[in-house]
Amino acid sequence: MDRHPPITNPHDEAAHSIPWLVNGTLHGEAATSLREHLAVCSRCRESYESEKRLYETMRAEGPLVFAGEPSFQKLMARIEIAERAPSMDPAYEALRGDRARSSPRRNPSRTAIAIRWLAAAVLIESAGLGLLAWHQHSPSLASPARYETLASPARTYGTNARARVVFRSNLSLHDLANVLHGVDAHIIDGPTDANVYTLGFDDQVSSPDQLEARLAALRAQSAVLFVEPASTHGAP
Amino acid sequence: MKATNSGDRRESTTAARNEIELALLARIAKRDAAAMKELYLLYHRRLARFLTRLTSRYDLAEEIINDTCWIVWQRAIDFRGESLVSTWILGITYRRALKTLRSIGPAAQEEIDVPDAASEQPCEQAELNEWLGVALARLPLEQRMVLELAYHLGHSCEEIAAIMDCPVNTVKTRMFHGRRKLRGLLLALASPA
Ligand SMILES: [Zn+2]
């Protein structure tokens, strides 16, 4: 409810202004007069101190950190899929309606060029992401979250090495088989909503270095858009 | 009367941050994926915890962030700097979050009756840490949004009014009632049954 209580005395006025002084966004005359009131009113000062504790608690980052990288890769995969086949993404339809009112549709050829560039850029970045993901998603460090991301541990399948991969969407089954044979990999899971497959490798891959070599081989394939390592429960 | 030093500092920090984000948006308008990534990670960091707390599910938080950033990717080219970049992005986030919360049903927005706490009753830090998440989850959605935007993300009253597309006075009133109710909830949760 949005009732506006009449502000009848300085204490009520202070109660309405304190949060904005606490979060550092109250300025000028309003800030000055509130400070003057706090200097002489112990009740409002107490309320200010209590409010500051609440603010600091909510502001604190805490130990739980959400990794943005896997989510970003999902976004990039989604952009690629949506721009190739716009009607597949329901949000795109709504957006198109808005855009049609404000500006003409983007030139498709320009978009296609941009997307090829984008795929290359993400490919390059995922190389740097690799080792980081190997360490961050080891079981002892894993957050207690119950969701699955691109970098979540995969189901155990004989060996510990796993990779998450997005293939070019026009890939033939024949070419897919060639890619997989080339690195002795097999599909364990997928595709997810973001078209991500989980690959497992043969028993030769038992260390991060060996996995990295297979990932590098995958990245070298033009049929592969994204690659990242995905450790399992037994990984170092 | 002159603005306070901390006010000046915040304004210059906000302006500097906005300049950086404007530059990123200009690159995103030209389909620069590296710029998108930079902006994405900046906002993912800011929004993931807030949205996870709001929806009680990281997968939904991620969906809202990705819906938001997907629209940013599409619309960066149309952004004319009518507001701060953060206000624009948070406005999109807010609308996506409302849509998601409404689609998952009223359970997440459930209201319960608690005694309204008098403002002079302070909350102990331990109680705060332990019960804050639970108490916030029980606030009416609009009040909770204002609290999160003001305290978790540090936005001003005017910025929140722009994000939520409502009058400044409405933001102040929501904040007032939200805090009052939160205090009551914290006291109710912390007192032994
Ligand atoms: Zn007072």
# chains A, B, ... in the order shown; residues from 1 in each chain; ligands from 1
$ residues_around --residues "Ala26 in chain B" --least-positions-apart "4" --cutoff "12 Å" --atoms "only C-alpha atoms" --output "CSV table (one decimal) with all heavy atoms, in the first residue's frame"
chain,number,residue,atom,x,y,z
B,19,GLU,N,30.2,6.9,-16.8
B,19,GLU,CA,31.0,7.2,-18.0
B,19,GLU,C,31.5,5.8,-18.6
B,19,GLU,O,31.5,5.6,-19.8
B,19,GLU,CB,32.2,8.1,-17.7
B,19,GLU,CG,31.8,9.5,-17.6
B,19,GLU,CD,31.1,10.1,-18.9
B,19,GLU,OE1,31.7,9.9,-19.9
B,19,GLU,OE2,30.0,10.6,-18.7
B,20,ILE,N,32.0,5.0,-17.7
B,20,ILE,CA,32.6,3.7,-18.1
B,20,ILE,C,31.5,2.8,-18.7
B,20,ILE,O,31.7,2.2,-19.8
B,20,ILE,CB,33.2,3.0,-16.8
B,20,ILE,CG1,34.4,3.7,-16.3
B,20,ILE,CG2,33.5,1.5,-17.1
B,20,ILE,CD1,34.9,3.2,-14.9
B,21,GLU,N,30.3,2.9,-18.1
B,21,GLU,CA,29.2,2.0,-18.6
B,21,GLU,C,28.7,2.6,-19.9
B,21,GLU,O,28.3,1.8,-20.8
B,21,GLU,CB,28.1,1.9,-17.6
B,21,GLU,CG,28.6,1.1,-16.3
B,21,GLU,CD,27.6,0.9,-15.2
B,21,GLU,OE1,26.5,1.4,-15.4
B,21,GLU,OE2,28.0,0.3,-14.2
B,22,LEU,N,28.7,3.9,-20.1
B,22,LEU,CA,28.3,4.5,-21.4
B,22,LEU,C,29.3,4.0,-22.5
B,22,LEU,O,28.8,3.7,-23.6
B,22,LEU,CB,28.3,6.0,-21.3
B,22,LEU,CG,27.0,6.7,-20.8
B,22,LEU,CD1,27.3,8.2,-20.7
B,22,LEU,CD2,25.9,6.4,-21.8
B,30,LYS,N,27.8,-1.7,-31.1
B,30,LYS,CA,28.6,-2.2,-32.3
B,30,LYS,C,28.8,-3.7,-32.3
B,30,LYS,O,29.8,-4.1,-32.9
B,30,LYS,CB,29.9,-1.4,-32.5
B,30,LYS,CG,29.6,0.1,-32.8
B,30,LYS,CD,31.0,0.8,-32.8
B,30,LYS,CE,30.7,2.3,-33.0
B,30,LYS,NZ,31.8,3.1,-32.5
B,31,ARG,N,28.1,-4.4,-31.4
B,31,ARG,CA,28.2,-5.8,-31.3
B,31,ARG,C,29.6,-6.3,-30.8
B,31,ARG,O,30.1,-7.3,-31.3
B,31,ARG,CB,27.9,-6.5,-32.6
B,31,ARG,CG,26.7,-5.9,-33.4
B,31,ARG,CD,25.5,-5.8,-32.5
B,31,ARG,NE,24.5,-6.8,-32.8
B,31,ARG,CZ,23.4,-6.9,-32.1
B,31,ARG,NH1,23.2,-6.1,-31.0
B,31,ARG,NH2,22.5,-7.8,-32.4
B,32,ASP,N,30.1,-5.6,-29.8
B,32,ASP,CA,31.4,-5.9,-29.2
B,32,ASP,C,31.1,-6.9,-28.1
B,32,ASP,O,30.7,-6.5,-27.0
B,32,ASP,CB,32.1,-4.7,-28.8
B,32,ASP,CG,33.5,-4.9,-28.2
B,32,ASP,OD1,33.7,-6.0,-27.7
B,32,ASP,OD2,34.3,-4.0,-28.2
B,33,ALA,N,31.4,-8.2,-28.3
B,33,ALA,CA,31.2,-9.2,-27.3
B,33,ALA,C,32.0,-9.0,-26.0
B,33,ALA,O,31.6,-9.3,-24.9
B,33,ALA,CB,31.4,-10.6,-27.8
B,35,ALA,N,32.9,-6.2,-24.7
B,35,ALA,CA,32.3,-5.1,-23.9
B,35,ALA,C,31.0,-5.7,-23.2
B,35,ALA,O,30.8,-5.4,-22.1
B,35,ALA,CB,31.9,-3.9,-24.8
B,36,MET,N,30.3,-6.5,-23.9
B,36,MET,CA,29.1,-7.1,-23.3
B,36,MET,C,29.5,-8.0,-22.1
B,36,MET,O,28.9,-7.9,-21.1
B,36,MET,CB,28.4,-8.0,-24.4
B,36,MET,CG,27.1,-8.6,-23.9
B,36,MET,SD,25.8,-7.4,-23.7
B,36,MET,CE,25.3,-7.6,-22.0
B,39,LEU,N,30.4,-5.6,-19.1
B,39,LEU,CA,29.2,-5.1,-18.5
B,39,LEU,C,28.4,-6.2,-17.8
B,39,LEU,O,27.9,-6.0,-16.7
B,39,LEU,CB,28.3,-4.4,-19.6
B,39,LEU,CG,27.1,-3.6,-19.0
B,39,LEU,CD1,27.7,-2.3,-18.5
B,39,LEU,CD2,26.1,-3.4,-20.1
B,72,VAL,N,19.6,-5.6,-23.2
B,72,VAL,CA,20.7,-4.6,-23.3
B,72,VAL,C,21.5,-4.8,-24.6
B,72,VAL,O,21.8,-3.8,-25.3
B,72,VAL,CB,21.6,-4.7,-22.1
B,72,VAL,CG1,22.9,-3.9,-22.3
B,72,VAL,CG2,20.9,-4.2,-20.8
B,73,TRP,N,21.8,-6.0,-24.9
B,73,TRP,CA,22.5,-6.3,-26.2
B,73,TRP,C,21.7,-5.8,-27.4
B,73,TRP,O,22.3,-5.2,-28.3
B,73,TRP,CB,22.7,-7.8,-26.3
B,73,TRP,CG,23.3,-8.3,-27.6
B,73,TRP,CD1,22.6,-8.9,-28.6
B,73,TRP,CD2,24.7,-8.3,-28.0
B,73,TRP,NE1,23.5,-9.2,-29.6
B,73,TRP,CE2,24.8,-8.9,-29.3
B,73,TRP,CE3,25.9,-7.9,-27.4
B,73,TRP,CZ2,26.0,-9.0,-30.0
B,73,TRP,CZ3,27.1,-8.0,-28.1
B,73,TRP,CH2,27.1,-8.6,-29.4
B,75,ARG,N,19.3,-3.4,-27.4
B,75,ARG,CA,18.8,-2.1,-27.4
B,75,ARG,C,19.9,-1.0,-27.1
B,75,ARG,O,19.6,0.2,-27.1
B,75,ARG,CB,17.8,-1.9,-26.3
B,75,ARG,CG,16.5,-2.5,-26.7
B,75,ARG,CD,15.3,-1.9,-25.9
B,75,ARG,NE,14.1,-2.5,-26.2
B,75,ARG,CZ,13.1,-2.6,-25.4
B,75,ARG,NH1,13.2,-2.1,-24.2
B,75,ARG,NH2,12.0,-3.2,-25.8
B,76,ALA,N,21.1,-1.5,-26.9
B,76,ALA,CA,22.2,-0.6,-26.6
B,76,ALA,C,22.3,0.5,-27.6
B,76,ALA,O,22.6,1.7,-27.4
B,76,ALA,CB,23.5,-1.3,-26.5
B,77,ILE,N,22.0,0.1,-28.9
B,77,ILE,CA,22.1,1.0,-30.0
B,77,ILE,C,21.0,2.2,-29.9
B,77,ILE,O,21.2,3.3,-30.4
B,77,ILE,CB,21.9,0.2,-31.3
B,77,ILE,CG1,22.4,1.0,-32.5
B,77,ILE,CG2,20.5,-0.2,-31.5
B,77,ILE,CD1,22.6,0.2,-33.8
B,78,ASP,N,20.0,1.9,-29.1
B,78,ASP,CA,18.9,2.9,-29.0
B,78,ASP,C,19.1,3.8,-27.7
B,78,ASP,O,18.3,4.8,-27.6
B,78,ASP,CB,17.5,2.2,-28.9
B,78,ASP,CG,17.2,1.5,-30.2
B,78,ASP,OD1,17.6,1.9,-31.2
B,78,ASP,OD2,16.6,0.4,-30.1
B,79,PHE,N,20.0,3.4,-26.9
B,79,PHE,CA,20.1,4.2,-25.6
B,79,PHE,C,20.7,5.6,-25.9
B,79,PHE,O,21.8,5.7,-26.5
B,79,PHE,CB,21.0,3.4,-24.6
B,79,PHE,CG,21.1,4.0,-23.3
B,79,PHE,CD1,20.0,4.0,-22.4
B,79,PHE,CD2,22.3,4.7,-22.9
B,79,PHE,CE1,20.1,4.6,-21.1
B,79,PHE,CE2,22.4,5.3,-21.6
B,79,PHE,CZ,21.3,5.2,-20.8
B,80,ARG,N,20.0,6.6,-25.4
B,80,ARG,CA,20.4,8.0,-25.7
B,80,ARG,C,20.9,8.7,-24.4
B,80,ARG,O,21.1,9.9,-24.4
B,80,ARG,CB,19.3,8.8,-26.3
B,80,ARG,CG,18.8,8.2,-27.6
B,80,ARG,CD,19.7,8.7,-28.7
B,80,ARG,NE,19.3,8.0,-30.0
B,80,ARG,CZ,19.8,6.9,-30.5
B,80,ARG,NH1,20.8,6.3,-29.8
B,80,ARG,NH2,19.4,6.4,-31.6
B,81,GLY,N,21.1,8.0,-23.3
B,81,GLY,CA,21.6,8.6,-22.1
B,81,GLY,C,20.6,9.5,-21.4
B,81,GLY,O,20.9,10.4,-20.7
B,85,VAL,N,23.1,4.8,-16.9
B,85,VAL,CA,23.1,3.4,-17.5
B,85,VAL,C,22.5,2.5,-16.5
B,85,VAL,O,21.7,1.6,-16.8
B,85,VAL,CB,24.5,3.0,-18.0
B,85,VAL,CG1,24.4,1.6,-18.5
B,85,VAL,CG2,25.0,3.9,-19.1
$ residues_around --residues "Trp70 in chain B" --least-positions-apart "5" --cutoff "9 Å" --atoms "only C-alpha atoms" --output "list of chain:residue names"
A:Leu75, A:Met76, A:Arg78, A:Ile79, B:Ile65, B:Arg75
$ residues_near_ligand --ligand "ligand 1" --cutoff "9 Å" --atoms "only C-alpha atoms and all ligand atoms" --output "list in words"
Asn9, Pro10, His11, Asp12, Glu13, Ala14, Ala15, His37, Leu38, Val40, Cys41, Ser42, Arg43, Cys44, Arg45 and Ser47 of chain A
$ closest_atom_pairs --of "chain A" --to "chain B" --cutoff "6 Å" --atoms "only C-alpha atoms" --output "JSON lines"
{"residue": "A:His16", "atom": "CA", "partner": "B:Phe176", "partner_atom": "CA", "distance": 5.9}
{"residue": "A:Asn23", "atom": "CA", "partner": "B:Gly154", "partner_atom": "CA", "distance": 5.9}
{"residue": "A:Thr25", "atom": "CA", "partner": "B:Ser156", "partner_atom": "CA", "distance": 5.1}
{"residue": "A:His27", "atom": "CA", "partner": "B:Ala3", "partner_atom": "CA", "distance": 5.4}
{"residue": "A:Gly28", "atom": "CA", "partner": "B:Ala3", "partner_atom": "CA", "distance": 4.4}
{"residue": "A:Glu29", "atom": "CA", "partner": "B:Met1", "partner_atom": "CA", "distance": 5.8}
{"residue": "A:Ser47", "atom": "CA", "partner": "B:Glu120", "partner_atom": "CA", "distance": 5.8}
{"residue": "A:Ser50", "atom": "CA", "partner": "B:Pro122", "partner_atom": "CA", "distance": 5.3}
{"residue": "A:Tyr55", "atom": "CA", "partner": "B:Tyr151", "partner_atom": "CA", "distance": 5.2}
{"residue": "A:Met58", "atom": "CA", "partner": "B:His152", "partner_atom": "CA", "distance": 5.1}
{"residue": "A:Arg59", "atom": "CA", "partner": "B:His152", "partner_atom": "CA", "distance": 4.6}
{"residue": "A:Gly68", "atom": "CA", "partner": "B:Leu41", "partner_atom": "CA", "distance": 5.7}
{"residue": "A:Leu75", "atom": "CA", "partner": "B:Asn66", "partner_atom": "CA", "distance": 5.8}
{"residue": "A:Ala114", "atom": "CA", "partner": "B:Arg31", "partner_atom": "CA", "distance": 5.9}
{"residue": "A:Leu118", "atom": "CA", "partner": "B:Ala33", "partner_atom": "CA", "distance": 5.5}
$ write_last_selection --atoms "N, CA and C atoms" --output "PDB file, in the first residue's frame"
ATOM      1  N   HIS A  16      11.433   9.148   7.944  1.00  0.00           N
ATOM      2  CA  HIS A  16      11.317   8.997   6.488  1.00  0.00           C
ATOM      3  C   HIS A  16      12.646   9.254   5.768  1.00  0.00           C
ATOM      4  N   ASN A  23      22.155   5.337   3.364  1.00  0.00           N
ATOM      5  CA  ASN A  23      22.758   4.780   2.143  1.00  0.00           C
ATOM      6  C   ASN A  23      23.528   5.839   1.342  1.00  0.00           C
ATOM      7  N   THR A  25      22.675   8.759   0.023  1.00  0.00           N
ATOM      8  CA  THR A  25      22.098   9.428  -1.139  1.00  0.00           C
ATOM      9  C   THR A  25      21.256  10.656  -0.768  1.00  0.00           C
ATOM     10  N   HIS A  27      21.132  14.453   0.223  1.00  0.00           N
ATOM     11  CA  HIS A  27      22.054  15.594   0.095  1.00  0.00           C
ATOM     12  C   HIS A  27      21.398  16.899   0.514  1.00  0.00           C
ATOM     13  N   GLY A  28      22.221  17.940   0.517  1.00  0.00           N
ATOM     14  CA  GLY A  28      21.740  19.315   0.649  1.00  0.00           C
ATOM     15  C   GLY A  28      21.027  19.602   1.954  1.00  0.00           C
ATOM     16  N   GLU A  29      20.036  20.445   1.840  1.00  0.00           N
ATOM     17  CA  GLU A  29      19.262  20.930   2.978  1.00  0.00           C
ATOM     18  C   GLU A  29      18.683  19.778   3.801  1.00  0.00           C
ATOM     19  N   SER A  47      17.625   5.016  16.274  1.00  0.00           N
ATOM     20  CA  SER A  47      16.989   4.464  15.074  1.00  0.00           C
ATOM     21  C   SER A  47      17.951   4.514  13.878  1.00  0.00           C
ATOM     22  N   SER A  50      20.572   1.741  14.287  1.00  0.00           N
ATOM     23  CA  SER A  50      19.963   0.447  13.973  1.00  0.00           C
ATOM     24  C   SER A  50      19.814   0.282  12.458  1.00  0.00           C
ATOM     25  N   TYR A  55      21.599  -1.675   6.951  1.00  0.00           N
ATOM     26  CA  TYR A  55      22.201  -1.307   5.662  1.00  0.00           C
ATOM     27  C   TYR A  55      23.512  -2.043   5.438  1.00  0.00           C
ATOM     28  N   MET A  58      22.966  -5.719   4.709  1.00  0.00           N
ATOM     29  CA  MET A  58      22.465  -5.978   3.360  1.00  0.00           C
ATOM     30  C   MET A  58      23.507  -5.658   2.291  1.00  0.00           C
ATOM     31  N   ARG A  59      24.370  -4.697   2.615  1.00  0.00           N
ATOM     32  CA  ARG A  59      25.373  -4.243   1.667  1.00  0.00           C
ATOM     33  C   ARG A  59      26.541  -5.227   1.558  1.00  0.00           C
ATOM     34  N   GLY A  68      29.908 -15.505 -12.638  1.00  0.00           N
ATOM     35  CA  GLY A  68      29.181 -14.942 -13.771  1.00  0.00           C
ATOM     36  C   GLY A  68      29.523 -15.586 -15.105  1.00  0.00           C
ATOM     37  N   LEU A  75      24.237 -16.760 -22.071  1.00  0.00           N
ATOM     38  CA  LEU A  75      23.690 -15.589 -22.764  1.00  0.00           C
ATOM     39  C   LEU A  75      24.212 -15.537 -24.198  1.00  0.00           C
ATOM     40  N   ALA A 114      28.635  -9.881 -37.183  1.00  0.00           N
ATOM     41  CA  ALA A 114      28.922  -9.647 -35.768  1.00  0.00           C
ATOM     42  C   ALA A 114      28.938 -10.951 -34.995  1.00  0.00           C
ATOM     43  N   LEU A 118      31.699 -12.560 -32.744  1.00  0.00           N
ATOM     44  CA  LEU A 118      31.361 -12.863 -31.360  1.00  0.00           C
ATOM     45  C   LEU A 118      31.797 -14.271 -30.977  1.00  0.00           C
TER      46      LEU A 118
END
$ closest_residue --among "B:Leu182, B:Leu25, B:Thr68, B:Ser56" --to "Ala135 in chain B" --atoms "only C-alpha atoms"
B:Leu182
$ residues_around --residues "range 180-190 of chain A" --least-positions-apart "6" --cutoff "7 Å" --atoms "only C-alpha atoms" --output "ChimeraX atom specification"
/A:196-202,214,217
$ write_last_selection --atoms "all heavy atoms" --output "PDB file, in the first residue's frame"
ATOM      1  N   VAL A 196      24.001 -26.797 -24.925  1.00  0.00           N
ATOM      2  CA  VAL A 196      25.302 -27.198 -24.399  1.00  0.00           C
ATOM      3  C   VAL A 196      25.337 -28.717 -24.218  1.00  0.00           C
ATOM      4  O   VAL A 196      24.403 -29.296 -23.672  1.00  0.00           O
ATOM      5  CB  VAL A 196      25.567 -26.525 -23.032  1.00  0.00           C
ATOM      6  CG1 VAL A 196      26.911 -26.963 -22.473  1.00  0.00           C
ATOM      7  CG2 VAL A 196      25.509 -25.014 -23.172  1.00  0.00           C
ATOM      8  N   TYR A 197      26.414 -29.346 -24.730  1.00  0.00           N
ATOM      9  CA  TYR A 197      26.622 -30.773 -24.548  1.00  0.00           C
ATOM     10  C   TYR A 197      27.731 -30.991 -23.526  1.00  0.00           C
ATOM     11  O   TYR A 197      28.693 -30.222 -23.470  1.00  0.00           O
ATOM     12  CB  TYR A 197      27.059 -31.429 -25.863  1.00  0.00           C
ATOM     13  CG  TYR A 197      25.966 -31.499 -26.901  1.00  0.00           C
ATOM     14  CD1 TYR A 197      25.735 -30.432 -27.754  1.00  0.00           C
ATOM     15  CD2 TYR A 197      25.173 -32.643 -27.014  1.00  0.00           C
ATOM     16  CE1 TYR A 197      24.736 -30.493 -28.710  1.00  0.00           C
ATOM     17  CE2 TYR A 197      24.159 -32.726 -27.973  1.00  0.00           C
ATOM     18  CZ  TYR A 197      23.945 -31.643 -28.821  1.00  0.00           C
ATOM     19  OH  TYR A 197      22.961 -31.698 -29.757  1.00  0.00           O
ATOM     20  N   THR A 198      27.591 -32.062 -22.736  1.00  0.00           N
ATOM     21  CA  THR A 198      28.686 -32.473 -21.864  1.00  0.00           C
ATOM     22  C   THR A 198      29.406 -33.639 -22.540  1.00  0.00           C
ATOM     23  O   THR A 198      28.768 -34.607 -22.943  1.00  0.00           O
ATOM     24  CB  THR A 198      28.149 -32.928 -20.503  1.00  0.00           C
ATOM     25  OG1 THR A 198      27.418 -31.842 -19.931  1.00  0.00           O
ATOM     26  CG2 THR A 198      29.288 -33.313 -19.567  1.00  0.00           C
ATOM     27  N   LEU A 199      30.722 -33.499 -22.675  1.00  0.00           N
ATOM     28  CA  LEU A 199      31.520 -34.569 -23.271  1.00  0.00           C
ATOM     29  C   LEU A 199      32.362 -35.269 -22.206  1.00  0.00           C
ATOM     30  O   LEU A 199      32.863 -34.629 -21.283  1.00  0.00           O
ATOM     31  CB  LEU A 199      32.473 -34.004 -24.338  1.00  0.00           C
ATOM     32  CG  LEU A 199      31.876 -33.230 -25.516  1.00  0.00           C
ATOM     33  CD1 LEU A 199      32.967 -32.918 -26.539  1.00  0.00           C
ATOM     34  CD2 LEU A 199      30.743 -33.998 -26.167  1.00  0.00           C
ATOM     35  N   GLY A 200      32.498 -36.581 -22.349  1.00  0.00           N
ATOM     36  CA  GLY A 200      33.432 -37.340 -21.536  1.00  0.00           C
ATOM     37  C   GLY A 200      34.577 -37.801 -22.424  1.00  0.00           C
ATOM     38  O   GLY A 200      34.432 -37.822 -23.650  1.00  0.00           O
ATOM     39  N   PHE A 201      35.713 -38.158 -21.800  1.00  0.00           N
ATOM     40  CA  PHE A 201      36.872 -38.580 -22.579  1.00  0.00           C
ATOM     41  C   PHE A 201      37.293 -39.978 -22.169  1.00  0.00           C
ATOM     42  O   PHE A 201      36.860 -40.498 -21.138  1.00  0.00           O
ATOM     43  CB  PHE A 201      38.037 -37.597 -22.372  1.00  0.00           C
ATOM     44  CG  PHE A 201      37.719 -36.208 -22.858  1.00  0.00           C
ATOM     45  CD1 PHE A 201      37.107 -35.289 -22.022  1.00  0.00           C
ATOM     46  CD2 PHE A 201      38.004 -35.827 -24.158  1.00  0.00           C
ATOM     47  CE1 PHE A 201      36.802 -34.013 -22.467  1.00  0.00           C
ATOM     48  CE2 PHE A 201      37.705 -34.558 -24.609  1.00  0.00           C
ATOM     49  CZ  PHE A 201      37.101 -33.645 -23.754  1.00  0.00           C
ATOM     50  N   ASP A 202      38.197 -40.569 -22.956  1.00  0.00           N
ATOM     51  CA  ASP A 202      38.691 -41.902 -22.611  1.00  0.00           C
ATOM     52  C   ASP A 202      39.592 -41.833 -21.378  1.00  0.00           C
ATOM     53  O   ASP A 202      39.863 -40.761 -20.850  1.00  0.00           O
ATOM     54  CB  ASP A 202      39.435 -42.521 -23.809  1.00  0.00           C
ATOM     55  CG  ASP A 202      40.626 -41.657 -24.204  1.00  0.00           C
ATOM     56  OD1 ASP A 202      40.974 -40.733 -23.426  1.00  0.00           O
ATOM     57  OD2 ASP A 202      41.205 -41.887 -25.263  1.00  0.00           O
ATOM     58  N   ARG A 214      43.049 -31.808 -24.761  1.00  0.00           N
ATOM     59  CA  ARG A 214      41.857 -32.210 -25.526  1.00  0.00           C
ATOM     60  C   ARG A 214      40.977 -30.991 -25.809  1.00  0.00           C
ATOM     61  O   ARG A 214      40.406 -30.876 -26.887  1.00  0.00           O
ATOM     62  CB  ARG A 214      41.030 -33.246 -24.751  1.00  0.00           C
ATOM     63  CG  ARG A 214      41.782 -34.525 -24.442  1.00  0.00           C
ATOM     64  CD  ARG A 214      42.149 -35.280 -25.722  1.00  0.00           C
ATOM     65  NE  ARG A 214      42.973 -36.444 -25.412  1.00  0.00           N
ATOM     66  CZ  ARG A 214      42.505 -37.679 -25.281  1.00  0.00           C
ATOM     67  NH1 ARG A 214      41.217 -37.918 -25.437  1.00  0.00           N
ATOM     68  NH2 ARG A 214      43.312 -38.661 -24.985  1.00  0.00           N
ATOM     69  N   ALA A 217      42.342 -29.085 -28.608  1.00  0.00           N
ATOM     70  CA  ALA A 217      42.038 -29.746 -29.881  1.00  0.00           C
ATOM     71  C   ALA A 217      40.598 -29.453 -30.306  1.00  0.00           C
ATOM     72  O   ALA A 217      40.312 -29.223 -31.484  1.00  0.00           O
ATOM     73  CB  ALA A 217      42.268 -31.252 -29.746  1.00  0.00           C
TER      74      ALA A 217
END
$ closest_residue --among "A:Leu176, A:Leu225, A:Ala161, A:Ala67" --to "Ala213 in chain A" --atoms "only C-alpha atoms"
A:Ala161
$ atom_distance --atom1 "CA of Thr55 in chain B" --atom2 "CA of Thr14 in chain B"
27.7 Å
$ select_by_dssp --residues "range 22-117 of chain B" --states "alpha helix (DSSP H)" --output "JSON, numbers by chain"
{"B": [22, 23, 24, 25, 26, 27, 28, 29, 33, 34, 35, 36, 37, 38, 39, 40, 41, 42, 43, 44, 45, 46, 47, 48, 49, 50, 51, 52, 53, 54, 55, 58, 59, 60, 61, 62, 63, 64, 65, 66, 67, 68, 69, 70, 71, 72, 73, 74, 75, 85, 86, 87, 88, 89, 90, 91, 92, 93, 94, 95, 96, 97, 98, 99, 100, 101, 102, 103]}
$ atom_distance --atom1 "CA of Ala23 in chain B" --atom2 "CA of Phe226 in chain A"
26.7 Å
